[in-house]
Amino acid sequence: MMQDRPRNPFTPSFGQIPLHMAGREMVIDELLRAFDNGSGDPNLSTILIGARGTGKTALMSLLAHEAQGRGWLSVNVSALPGMLNDIVQQVRHVSRDAVDKPGGMRLKGVGIPQVLDIEWEREPQELPNWRTLMSEILEELNERDTGLLITIDEVRGDFDELIQLIAIHQHFVREERKVALLMAGLPGEVSSLLQDKSVSFFRRACQRHLGRIDDFEIERALRRTVEDSGKEIESVALKRAVDAIGGFPFMMQLVGYRSWEEGALRKSIGVAEVEYGIQAAQHDMRARVLNATLDELSDGDVRFIAAMVEDEGASRLADIAQRMGVSGNYAAQYRRRLIENGVIGPRGRGKIDFELPGMRNYVREQLVDF
C-alpha cells in the first residue's frame with residue numbers, strides 16, 4: 001500500500017501567502033493597526049519596495065486577507081491596461097459576496113450592488129467619470145462602516161491609469177473616505193513613478209523597503225513551517241539551509257519546498273535532503289529571478305557588477321572604478337542605480353555587496369557573454 005505523501009507547506013509561487021512569513025512583523029503590525037484605525041492613519045497609503053523575490057506580493061496578499069477580517073473589502077489588481085475598470089468590476093463582485101456571505105463583512109442589506117448597478121442604466125453620454133463613480137461606491141461602503149482596500153502589484157512609472165488612480169486617491173484621503181491604497185514594485189519603477197508631478201502626494205506615503213531578512217528570522221520561520229506541518233528538521237540541516245537562503249524570502253520557500261519534496265515520505269528532513277534542496281533551489285533562482293534581473297540591466301550596470309565579482313566579499317567603490325577605468329563619481333552613478341534596483345546593497349564604510357543570493361557566481365558564469 002502506497003504511503004500518503006504529506007502536503008508540502010512551502011509556497012515558492014509568486015504571491016502565495018506562506019505558512020510563516022519571516023521578518024515582516026513590523027510592517028504587518030502597522031498595517032493591521034491602520035485597518036483598525038480607519039481614515040486618517042498614514043499607513044493606509046503605503047508602497048512596498050523591493051527586488052524580485054523579496055516577498056512584496058506575498059506580503060500584500062497577506063495584508064489584503066487580514067483587512068477582510070477587519071471590516072474592509074479588498075480588490076487586487078496589477079498595473080495593466082484596464083486597471084481602473086477592473087477595480088470597479090471587482091468591487092461589484094466582492095461587495096455582493098460580502099452581502100450574501102453569512103458571518104461575513106459588516107454589511108446589511110443589498111444597497112451596494114444596487115448603487116453599483118445604477119450607473120450602467122444611464123445613457124452613455126451621462127456616464128460618470130471614474131472618480132465620481134468611486135466616490136459613490138465609497139460613500140455607500142463607508143455608511144456601513146466598511147472600508148475599501150485597493151492593492152496594486154508591479155507598479156510602473158509610465159502607466160497613465162496608475163498615475164490617475166494615485167492622483168484621485170489623494171482626494172479620497174482629504175475627504176476622509178475609509179479607503180486604503182497598497183502598492184508594490186521594483187525600486188527603479190517606484191522611483192520613476194514618484195518623479196511624476198501628478199503623484200507628488202504619494203511621495204509622502206509610507207514607503208516600506210523590503211530587503212534581506214535576518215538569519216534568525218529565517219531559521220525560526222523555516223523551522224516552524226516544517227514542525228507545524230508534521231515533520232522535523234535536523235539542526236545541522238537547518239543551519240545549512242539558512243546559510244544558503246541568505247535572508248532572501250523567495251529562496252527560503254524554494255529551499256524549503258525542494259528539501260521537503262526530496263524527503264516527502266520521511267519524518268525528518270536531514271542534511272542530504274537540504275543539500276539536494278539547495279542545489280535545486282539555486283537552479284530555480286537562476287531561471288526565475290537572476291536571469292530576469294540581469295536582462296534588465298544596462299551595459300554600464302553589467303560592467304559594474306562584473307567588476308565586483310573579482311572580490312570574494314564586499315567591494316570598495318574605488319576598486320570597482322579602477323577596474324572599470326572610470327572616475328569614482330562616474331562609478332557612483334551605477335552604484336546608486338543598482339542599489340535602487342535591489343541588485344546590490346551597502347555594507348558599511350563605503351562597501352557594497354550583492355543582495356540576490358547566487359548573483360556573484362551567476363555573473364561569473366555569464367562573463368563570457370558580456
# chains A, B, ... in the order shown; residues from 1 in each chain; ligands from 1
call {"tool": "residues_around", "arguments": {"residues": "Ala307 (chain A)", "least_positions_apart": "6", "cutoff": "7 Å", "atoms": "only C-alpha atoms", "output": "PyMOL selection string"}}
result
chain A and resi 320+323-324
call {"tool": "residues_around", "arguments": {"residues": "region 210-212 of chain A", "least_positions_apart": "3", "cutoff": "9 Å", "atoms": "only C-alpha atoms", "output": "list of chain:residue names"}}
result
A:Gly23, A:Arg24, A:Leu48, A:Ile49, A:Gly50, A:Ala51, A:Thr54, A:Gly55, A:Lys56, A:Asp215, A:Gly246, A:Gly247, A:Phe248, A:Pro249, A:Gly342, A:Glu355, A:Leu356
call {"tool": "write_last_selection", "arguments": {"atoms": "C-alpha atoms", "output": "JSON list (two decimals), in the first residue's frame"}}
result
[["chain", "number", "residue", "atom", "x", "y", "z"],
["A", 23, "GLY", "CA", 10.85, 39.13, 9.27],
["A", 24, "ARG", "CA", 7.94, 41.36, 8.26],
["A", 48, "LEU", "CA", 6.20, 48.16, -0.71],
["A", 49, "ILE", "CA", 9.55, 48.44, -2.46],
["A", 50, "GLY", "CA", 11.95, 45.60, -3.14],
["A", 51, "ALA", "CA", 13.78, 43.48, -5.66],
["A", 54, "THR", "CA", 11.73, 39.82, -1.54],
["A", 55, "GLY", "CA", 8.14, 38.85, -0.82],
["A", 56, "LYS", "CA", 6.28, 42.02, -1.88],
["A", 215, "ASP", "CA", 19.11, 34.76, 9.62],
["A", 246, "GLY", "CA", 20.94, 34.30, 2.60],
["A", 247, "GLY", "CA", 17.99, 36.17, 4.05],
["A", 248, "PHE", "CA", 16.02, 36.04, 0.79],
["A", 249, "PRO", "CA", 12.29, 35.17, 1.25],
["A", 342, "GLY", "CA", 17.90, 45.86, -5.26],
["A", 355, "GLU", "CA", 21.80, 41.42, -2.47],
["A", 356, "LEU", "CA", 20.48, 38.49, -4.52]]
call {"tool": "residues_around", "arguments": {"residues": "Ala241 (chain A)", "least_positions_apart": "6", "cutoff": "9 Å", "atoms": "only C-alpha atoms", "output": "PyMOL selection string"}}
result
chain A and resi 219+222+252+255-256+271+274-275+277-278
call {"tool": "write_last_selection", "arguments": {"atoms": "N, CA and C atoms", "output": "short mmCIF file (atom, residue, chain, number, x, y, z; two decimals), in the first residue's frame"}}
result
data_model
loop_
_atom_site.label_atom_id
_atom_site.label_comp_id
_atom_site.auth_asym_id
_atom_site.auth_seq_id
_atom_site.Cartn_x
_atom_site.Cartn_y
_atom_site.Cartn_z
N GLU A 219 15.52 31.27 10.14
CA GLU A 219 15.59 29.99 10.86
C GLU A 219 14.29 29.69 11.59
N LEU A 222 11.45 28.94 9.03
CA LEU A 222 11.68 27.66 8.35
C LEU A 222 11.36 26.50 9.29
N MET A 252 13.99 31.10 0.55
CA MET A 252 13.55 30.28 1.67
C MET A 252 12.44 29.33 1.24
N VAL A 255 14.10 26.59 -1.14
CA VAL A 255 14.89 25.58 -0.42
C VAL A 255 13.96 24.69 0.40
N GLY A 256 13.01 25.30 1.10
CA GLY A 256 12.07 24.52 1.89
C GLY A 256 11.26 23.56 1.05
N VAL A 271 20.38 16.50 6.39
CA VAL A 271 21.36 17.22 5.57
C VAL A 271 21.26 16.82 4.11
N VAL A 274 18.38 18.58 2.47
CA VAL A 274 18.62 20.01 2.35
C VAL A 274 19.66 20.30 1.27
N GLU A 275 20.70 19.48 1.18
CA GLU A 275 21.71 19.70 0.14
C GLU A 275 21.07 19.58 -1.25
N GLY A 277 17.91 20.09 -1.84
CA GLY A 277 17.02 21.24 -1.94
C GLY A 277 17.74 22.51 -2.32
N ILE A 278 18.93 22.71 -1.79
CA ILE A 278 19.72 23.90 -2.10
C ILE A 278 20.11 23.91 -3.58
#
call {"tool": "residues_around", "arguments": {"residues": "region 304-306 of chain A", "least_positions_apart": "5", "cutoff": "12 Å", "atoms": "only C-alpha atoms", "output": "ChimeraX atom specification"}}
result
/A:294,297-299,311,314-326,328,330-339,343-345,352-355,359-370
call {"tool": "residues_around", "arguments": {"residues": "region 159-164 of chain A", "least_positions_apart": "3", "cutoff": "8 Å", "atoms": "only C-alpha atoms", "output": "ChimeraX atom specification"}}
result
/A:79-84,155-156,167-168,193,198-199
call {"tool": "residues_around", "arguments": {"residues": "region 129-136 of chain A", "least_positions_apart": "4", "cutoff": "10 Å", "atoms": "only C-alpha atoms", "output": "ChimeraX atom specification"}}
result
/A:84-85,87-88,91,112,115-116,119,140-142,164-165,167-169,171-172,175,177
call {"tool": "atom_distance", "arguments": {"atom1": "CA of Ala264 (chain A)", "atom2": "CA of Ser61 (chain A)"}}
result
27.5 Å
call {"tool": "atom_distance", "arguments": {"atom1": "CA of Ala34 (chain A)", "atom2": "CA of Ala67 (chain A)"}}
result
9.6 Å
call {"tool": "atom_distance", "arguments": {"atom1": "CA of His20 (chain A)", "atom2": "CA of Arg224 (chain A)"}}
result
7.1 Å
call {"tool": "residues_around", "arguments": {"residues": "Arg288 (chain A)", "least_positions_apart": "3", "cutoff": "12 Å", "atoms": "only C-alpha atoms", "output": "PDB file with N, CA, C and O atoms, in the first residue's frame"}}
result
ATOM      1  N   PRO A  12       6.621  28.302  -3.143  1.00  0.00           N
ATOM      2  CA  PRO A  12       7.554  29.041  -3.997  1.00  0.00           C
ATOM      3  C   PRO A  12       6.919  29.612  -5.263  1.00  0.00           C
ATOM      4  O   PRO A  12       7.614  29.853  -6.246  1.00  0.00           O
ATOM      5  N   SER A  13       5.622  29.817  -5.239  1.00  0.00           N
ATOM      6  CA  SER A  13       4.943  30.509  -6.337  1.00  0.00           C
ATOM      7  C   SER A  13       4.776  31.962  -5.946  1.00  0.00           C
ATOM      8  O   SER A  13       4.470  32.280  -4.800  1.00  0.00           O
ATOM      9  N   PHE A  14       4.972  32.867  -6.900  1.00  0.00           N
ATOM     10  CA  PHE A  14       4.925  34.285  -6.598  1.00  0.00           C
ATOM     11  C   PHE A  14       3.555  34.682  -6.059  1.00  0.00           C
ATOM     12  O   PHE A  14       2.524  34.372  -6.644  1.00  0.00           O
ATOM     13  N   ARG A  52      13.009  41.599  -6.957  1.00  0.00           N
ATOM     14  CA  ARG A  52      12.258  40.356  -7.180  1.00  0.00           C
ATOM     15  C   ARG A  52      12.602  39.355  -6.081  1.00  0.00           C
ATOM     16  O   ARG A  52      13.751  39.195  -5.700  1.00  0.00           O
ATOM     17  N   GLY A  53      11.566  38.671  -5.589  1.00  0.00           N
ATOM     18  CA  GLY A  53      11.791  37.622  -4.632  1.00  0.00           C
ATOM     19  C   GLY A  53      11.885  38.065  -3.194  1.00  0.00           C
ATOM     20  O   GLY A  53      12.151  37.241  -2.309  1.00  0.00           O
ATOM     21  N   PHE A 250      12.116  34.481  -1.098  1.00  0.00           N
ATOM     22  CA  PHE A 250      11.768  33.535  -2.151  1.00  0.00           C
ATOM     23  C   PHE A 250      12.695  32.322  -2.108  1.00  0.00           C
ATOM     24  O   PHE A 250      12.264  31.181  -2.325  1.00  0.00           O
ATOM     25  N   MET A 251      13.961  32.554  -1.794  1.00  0.00           N
ATOM     26  CA  MET A 251      14.914  31.449  -1.687  1.00  0.00           C
ATOM     27  C   MET A 251      14.537  30.532  -0.527  1.00  0.00           C
ATOM     28  O   MET A 251      14.706  29.314  -0.610  1.00  0.00           O
ATOM     29  N   LEU A 254      11.890  28.291  -1.825  1.00  0.00           N
ATOM     30  CA  LEU A 254      12.447  27.334  -2.779  1.00  0.00           C
ATOM     31  C   LEU A 254      13.200  26.210  -2.065  1.00  0.00           C
ATOM     32  O   LEU A 254      12.988  25.022  -2.352  1.00  0.00           O
ATOM     33  N   ALA A 281      17.066  24.560  -5.635  1.00  0.00           N
ATOM     34  CA  ALA A 281      16.607  25.938  -5.435  1.00  0.00           C
ATOM     35  C   ALA A 281      17.501  26.932  -6.156  1.00  0.00           C
ATOM     36  O   ALA A 281      17.012  27.928  -6.712  1.00  0.00           O
ATOM     37  N   GLN A 282      18.792  26.691  -6.167  1.00  0.00           N
ATOM     38  CA  GLN A 282      19.706  27.588  -6.871  1.00  0.00           C
ATOM     39  C   GLN A 282      19.422  27.595  -8.369  1.00  0.00           C
ATOM     40  O   GLN A 282      19.486  28.645  -9.026  1.00  0.00           O
ATOM     41  N   HIS A 283      19.091  26.428  -8.902  1.00  0.00           N
ATOM     42  CA  HIS A 283      18.715  26.352 -10.321  1.00  0.00           C
ATOM     43  C   HIS A 283      17.441  27.149 -10.571  1.00  0.00           C
ATOM     44  O   HIS A 283      17.341  27.917 -11.538  1.00  0.00           O
ATOM     45  N   ASP A 284      16.445  26.971  -9.704  1.00  0.00           N
ATOM     46  CA  ASP A 284      15.192  27.722  -9.839  1.00  0.00           C
ATOM     47  C   ASP A 284      15.435  29.223  -9.720  1.00  0.00           C
ATOM     48  O   ASP A 284      14.840  30.017 -10.449  1.00  0.00           O
ATOM     49  N   MET A 285      16.283  29.607  -8.784  1.00  0.00           N
ATOM     50  CA  MET A 285      16.573  31.017  -8.542  1.00  0.00           C
ATOM     51  C   MET A 285      17.186  31.656  -9.779  1.00  0.00           C
ATOM     52  O   MET A 285      16.839  32.784 -10.159  1.00  0.00           O
ATOM     53  N   ASN A 291      18.201  35.590 -13.913  1.00  0.00           N
ATOM     54  CA  ASN A 291      18.239  35.816 -15.351  1.00  0.00           C
ATOM     55  C   ASN A 291      17.425  37.048 -15.741  1.00  0.00           C
ATOM     56  O   ASN A 291      17.885  37.896 -16.520  1.00  0.00           O
ATOM     57  N   ALA A 292      16.225  37.162 -15.181  1.00  0.00           N
ATOM     58  CA  ALA A 292      15.380  38.317 -15.485  1.00  0.00           C
ATOM     59  C   ALA A 292      16.016  39.613 -14.982  1.00  0.00           C
ATOM     60  O   ALA A 292      15.944  40.656 -15.644  1.00  0.00           O
ATOM     61  N   THR A 293      16.644  39.560 -13.815  1.00  0.00           N
ATOM     62  CA  THR A 293      17.294  40.747 -13.261  1.00  0.00           C
ATOM     63  C   THR A 293      18.450  41.194 -14.142  1.00  0.00           C
ATOM     64  O   THR A 293      18.594  42.385 -14.448  1.00  0.00           O
ATOM     65  N   LEU A 294      19.274  40.256 -14.556  1.00  0.00           N
ATOM     66  CA  LEU A 294      20.432  40.593 -15.386  1.00  0.00           C
ATOM     67  C   LEU A 294      20.005  41.150 -16.741  1.00  0.00           C
ATOM     68  O   LEU A 294      20.622  42.087 -17.264  1.00  0.00           O
ATOM     69  N   ASP A 295      18.938  40.606 -17.309  1.00  0.00           N
ATOM     70  CA  ASP A 295      18.466  41.063 -18.618  1.00  0.00           C
ATOM     71  C   ASP A 295      18.024  42.523 -18.595  1.00  0.00           C
ATOM     72  O   ASP A 295      18.063  43.198 -19.632  1.00  0.00           O
TER      73      ASP A 295
END
call {"tool": "select_by_dssp", "arguments": {"residues": "region 29-261 of chain A", "states": "helix (DSSP H, G or I)", "output": "VMD selection string"}}
result
chain A and resid 29 to 37 42 to 44 56 to 68 83 to 100 111 to 121 124 to 126 130 to 143 160 to 174 187 to 194 197 to 204 215 to 228 235 to 245 249 to 261
call {"tool": "select_by_dssp", "arguments": {"residues": "region 116-306 of chain A", "states": "strand (DSSP E or B)", "output": "number ranges by chain"}}
result
A: 147-153, 179-185, 206-209, 232-233, 268-269
call {"tool": "write_last_selection", "arguments": {"atoms": "all heavy atoms", "output": "short mmCIF file (atom, residue, chain, number, x, y, z; two decimals), in the first residue's frame"}}
result
data_model
loop_
_atom_site.label_atom_id
_atom_site.label_comp_id
_atom_site.auth_asym_id
_atom_site.auth_seq_id
_atom_site.Cartn_x
_atom_site.Cartn_y
_atom_site.Cartn_z
N GLY A 147 -14.58 49.65 4.81
CA GLY A 147 -13.54 50.32 4.03
C GLY A 147 -13.24 49.57 2.75
O GLY A 147 -13.67 48.43 2.54
N LEU A 148 -12.50 50.23 1.87
CA LEU A 148 -12.08 49.62 0.61
C LEU A 148 -10.57 49.67 0.51
O LEU A 148 -9.97 50.75 0.54
CB LEU A 148 -12.70 50.33 -0.59
CG LEU A 148 -12.25 49.83 -1.97
CD1 LEU A 148 -12.67 48.37 -2.17
CD2 LEU A 148 -12.79 50.71 -3.08
N LEU A 149 -9.95 48.51 0.41
CA LEU A 149 -8.51 48.39 0.19
C LEU A 149 -8.26 48.04 -1.27
O LEU A 149 -8.79 47.05 -1.77
CB LEU A 149 -7.91 47.31 1.10
CG LEU A 149 -6.47 46.88 0.79
CD1 LEU A 149 -5.50 48.03 0.96
CD2 LEU A 149 -6.07 45.68 1.64
N ILE A 150 -7.44 48.85 -1.93
CA ILE A 150 -7.03 48.59 -3.31
C ILE A 150 -5.55 48.23 -3.27
O ILE A 150 -4.72 49.01 -2.77
CB ILE A 150 -7.25 49.81 -4.21
CG1 ILE A 150 -8.72 50.22 -4.22
CG2 ILE A 150 -6.77 49.52 -5.63
CD1 ILE A 150 -8.99 51.54 -4.93
N THR A 151 -5.20 47.05 -3.75
CA THR A 151 -3.80 46.66 -3.83
C THR A 151 -3.39 46.57 -5.30
O THR A 151 -4.13 46.03 -6.12
CB THR A 151 -3.53 45.32 -3.13
OG1 THR A 151 -4.13 44.25 -3.86
CG2 THR A 151 -4.08 45.34 -1.71
N ILE A 152 -2.23 47.11 -5.59
CA ILE A 152 -1.73 47.16 -6.97
C ILE A 152 -0.32 46.60 -7.00
O ILE A 152 0.58 47.11 -6.33
CB ILE A 152 -1.73 48.59 -7.53
CG1 ILE A 152 -3.13 49.20 -7.41
CG2 ILE A 152 -1.27 48.60 -8.98
CD1 ILE A 152 -3.20 50.66 -7.81
N ASP A 153 -0.12 45.58 -7.81
CA ASP A 153 1.18 44.93 -7.91
C ASP A 153 1.90 45.37 -9.18
O ASP A 153 1.26 45.80 -10.16
CB ASP A 153 1.01 43.41 -7.91
CG ASP A 153 2.27 42.68 -7.48
OD1 ASP A 153 3.24 43.35 -7.06
OD2 ASP A 153 2.29 41.44 -7.54
N VAL A 179 -10.64 54.46 2.87
CA VAL A 179 -10.05 53.83 1.70
C VAL A 179 -8.56 53.69 1.93
O VAL A 179 -7.94 54.53 2.58
CB VAL A 179 -10.34 54.66 0.42
CG1 VAL A 179 -9.76 56.06 0.54
CG2 VAL A 179 -9.81 53.96 -0.82
N ALA A 180 -8.00 52.61 1.43
CA ALA A 180 -6.56 52.36 1.56
C ALA A 180 -5.99 51.98 0.21
O ALA A 180 -6.66 51.30 -0.59
CB ALA A 180 -6.30 51.25 2.58
N LEU A 181 -4.77 52.41 -0.05
CA LEU A 181 -4.07 52.08 -1.29
C LEU A 181 -2.73 51.48 -0.92
O LEU A 181 -1.88 52.11 -0.30
CB LEU A 181 -3.88 53.32 -2.16
CG LEU A 181 -3.14 53.12 -3.48
CD1 LEU A 181 -3.86 52.10 -4.36
CD2 LEU A 181 -3.00 54.45 -4.22
N LEU A 182 -2.54 50.22 -1.29
CA LEU A 182 -1.31 49.50 -1.01
C LEU A 182 -0.72 49.05 -2.35
O LEU A 182 -1.36 48.32 -3.10
CB LEU A 182 -1.61 48.28 -0.12
CG LEU A 182 -0.46 47.36 0.25
CD1 LEU A 182 0.63 48.12 1.00
CD2 LEU A 182 -0.97 46.19 1.08
N MET A 183 0.50 49.52 -2.64
CA MET A 183 1.14 49.21 -3.90
C MET A 183 2.47 48.50 -3.66
O MET A 183 3.06 48.63 -2.59
CB MET A 183 1.35 50.48 -4.72
CG MET A 183 0.08 51.25 -5.00
SD MET A 183 0.29 52.54 -6.26
CE MET A 183 1.51 53.59 -5.47
N ALA A 184 2.94 47.80 -4.69
CA ALA A 184 4.23 47.12 -4.59
C ALA A 184 4.94 47.21 -5.93
O ALA A 184 4.30 47.17 -6.99
CB ALA A 184 4.03 45.65 -4.20
N GLY A 185 6.27 47.36 -5.87
CA GLY A 185 7.00 47.45 -7.12
C GLY A 185 8.50 47.39 -6.93
O GLY A 185 9.02 47.47 -5.81
N CYS A 206 3.75 56.15 3.10
CA CYS A 206 4.68 55.27 3.82
C CYS A 206 5.38 54.36 2.81
O CYS A 206 4.73 53.63 2.07
CB CYS A 206 3.92 54.44 4.84
SG CYS A 206 3.19 55.42 6.18
N GLN A 207 6.68 54.43 2.78
CA GLN A 207 7.48 53.59 1.89
C GLN A 207 8.18 52.52 2.72
O GLN A 207 8.95 52.83 3.62
CB GLN A 207 8.49 54.43 1.12
CG GLN A 207 7.86 55.49 0.24
CD GLN A 207 8.89 56.27 -0.56
OE1 GLN A 207 10.00 55.79 -0.82
NE2 GLN A 207 8.53 57.48 -0.97
N ARG A 208 7.90 51.26 2.41
CA ARG A 208 8.47 50.14 3.14
C ARG A 208 9.44 49.40 2.21
O ARG A 208 9.04 48.78 1.23
CB ARG A 208 7.39 49.17 3.60
CG ARG A 208 6.29 49.83 4.42
CD ARG A 208 6.81 50.37 5.73
NE ARG A 208 5.75 50.95 6.55
CZ ARG A 208 5.94 51.55 7.71
NH1 ARG A 208 7.18 51.67 8.17
NH2 ARG A 208 4.93 52.06 8.39
N HIS A 209 10.72 49.51 2.52
CA HIS A 209 11.74 48.85 1.71
C HIS A 209 11.96 47.43 2.24
O HIS A 209 12.36 47.24 3.38
CB HIS A 209 13.04 49.64 1.75
CG HIS A 209 12.93 50.99 1.09
ND1 HIS A 209 13.30 51.20 -0.23
CD2 HIS A 209 12.48 52.17 1.55
CE1 HIS A 209 13.08 52.47 -0.55
NE2 HIS A 209 12.58 53.08 0.52
N GLU A 232 10.06 17.14 11.24
CA GLU A 232 11.15 17.75 11.98
C GLU A 232 12.28 18.07 11.00
O GLU A 232 12.33 17.50 9.91
CB GLU A 232 11.67 16.81 13.08
CG GLU A 232 10.64 16.48 14.15
CD GLU A 232 11.18 15.48 15.15
OE1 GLU A 232 12.30 14.96 14.92
OE2 GLU A 232 10.47 15.20 16.14
N ILE A 233 13.16 18.97 11.39
CA ILE A 233 14.35 19.25 10.58
C ILE A 233 15.56 19.24 11.50
O ILE A 233 15.56 19.85 12.57
CB ILE A 233 14.24 20.60 9.83
CG1 ILE A 233 15.48 20.82 8.96
CG2 ILE A 233 13.96 21.76 10.76
CD1 ILE A 233 15.32 21.97 7.96
N SER A 268 11.71 13.19 9.11
CA SER A 268 12.66 14.25 9.42
C SER A 268 13.40 14.67 8.16
O SER A 268 13.73 13.84 7.30
CB SER A 268 13.65 13.79 10.49
OG SER A 268 14.61 14.79 10.77
N ILE A 269 13.66 15.96 8.04
CA ILE A 269 14.45 16.49 6.94
C ILE A 269 15.89 16.62 7.42
O ILE A 269 16.18 17.31 8.39
CB ILE A 269 13.92 17.86 6.50
CG1 ILE A 269 12.50 17.73 5.94
CG2 ILE A 269 14.84 18.48 5.44
CD1 ILE A 269 11.85 19.06 5.58
#
call {"tool": "closest_residue", "arguments": {"among": "A:Ala64, A:Val173, A:Leu186, A:Ile166", "to": "Gly38 (chain A)", "atoms": "only C-alpha atoms"}}
result
A:Val173
call {"tool": "decode", "arguments": {"residues": "region 149-213 of chain A", "atoms": "C-alpha atoms", "output": "short mmCIF file (atom, residue, chain, number, x, y, z; two decimals), in the first residue's frame"}}
result
data_model
loop_
_atom_site.label_atom_id
_atom_site.label_comp_id
_atom_site.auth_asym_id
_atom_site.auth_seq_id
_atom_site.Cartn_x
_atom_site.Cartn_y
_atom_site.Cartn_z
CA LEU A 149 -8.51 48.39 0.19
CA ILE A 150 -7.03 48.59 -3.31
CA THR A 151 -3.80 46.66 -3.83
CA ILE A 152 -1.73 47.16 -6.97
CA ASP A 153 1.18 44.93 -7.91
CA GLU A 154 4.07 45.54 -10.32
CA VAL A 155 3.72 49.34 -10.41
CA ARG A 156 5.15 51.11 -13.44
CA GLY A 157 6.37 54.66 -13.70
CA ASP A 158 4.97 55.17 -17.20
CA PHE A 159 1.43 53.87 -16.65
CA ASP A 160 -1.20 56.62 -17.03
CA GLU A 161 -4.03 54.74 -15.30
CA LEU A 162 -1.87 54.25 -12.21
CA ILE A 163 -0.94 57.93 -12.11
CA GLN A 164 -4.63 58.82 -12.46
CA LEU A 165 -5.60 56.50 -9.60
CA ILE A 166 -2.97 57.90 -7.24
CA ALA A 167 -3.98 61.47 -8.08
CA ILE A 168 -7.63 60.64 -7.31
CA HIS A 169 -6.73 58.68 -4.18
CA GLN A 170 -5.39 61.84 -2.56
CA HIS A 171 -8.85 63.42 -2.92
CA PHE A 172 -10.42 60.43 -1.19
CA VAL A 173 -7.93 60.81 1.65
CA ARG A 174 -8.72 64.52 2.00
CA GLU A 175 -12.43 63.71 2.02
CA GLU A 176 -11.75 61.27 4.90
CA ARG A 177 -13.05 58.29 3.00
CA LYS A 178 -12.33 54.90 4.52
CA VAL A 179 -10.05 53.83 1.70
CA ALA A 180 -6.56 52.36 1.56
CA LEU A 181 -4.07 52.08 -1.29
CA LEU A 182 -1.31 49.50 -1.01
CA MET A 183 1.14 49.21 -3.90
CA ALA A 184 4.23 47.12 -4.59
CA GLY A 185 7.00 47.45 -7.12
CA LEU A 186 10.65 47.23 -8.05
CA PRO A 187 12.79 50.10 -6.70
CA GLY A 188 13.53 51.57 -10.12
CA GLU A 189 9.89 51.57 -11.20
CA VAL A 190 8.76 53.12 -7.91
CA SER A 191 11.42 55.83 -8.21
CA SER A 192 10.29 56.60 -11.75
CA LEU A 193 6.63 56.71 -10.68
CA LEU A 194 7.23 59.12 -7.81
CA GLN A 195 9.07 61.55 -10.08
CA ASP A 196 5.80 62.33 -11.85
CA LYS A 197 4.45 65.66 -10.61
CA SER A 198 0.89 64.36 -10.68
CA VAL A 199 1.63 61.94 -7.85
CA SER A 200 3.74 64.20 -5.66
CA PHE A 201 1.20 63.47 -2.89
CA PHE A 202 2.34 59.86 -2.77
CA ARG A 203 5.95 60.83 -2.14
CA ARG A 204 4.78 61.40 1.43
CA ALA A 205 3.16 57.98 1.63
CA CYS A 206 4.68 55.27 3.82
CA GLN A 207 7.48 53.59 1.89
CA ARG A 208 8.47 50.14 3.14
CA HIS A 209 11.74 48.85 1.71
CA LEU A 210 11.80 45.05 1.78
CA GLY A 211 15.34 43.74 1.82
CA ARG A 212 17.19 40.84 3.35
CA ILE A 213 15.80 39.17 6.47
#
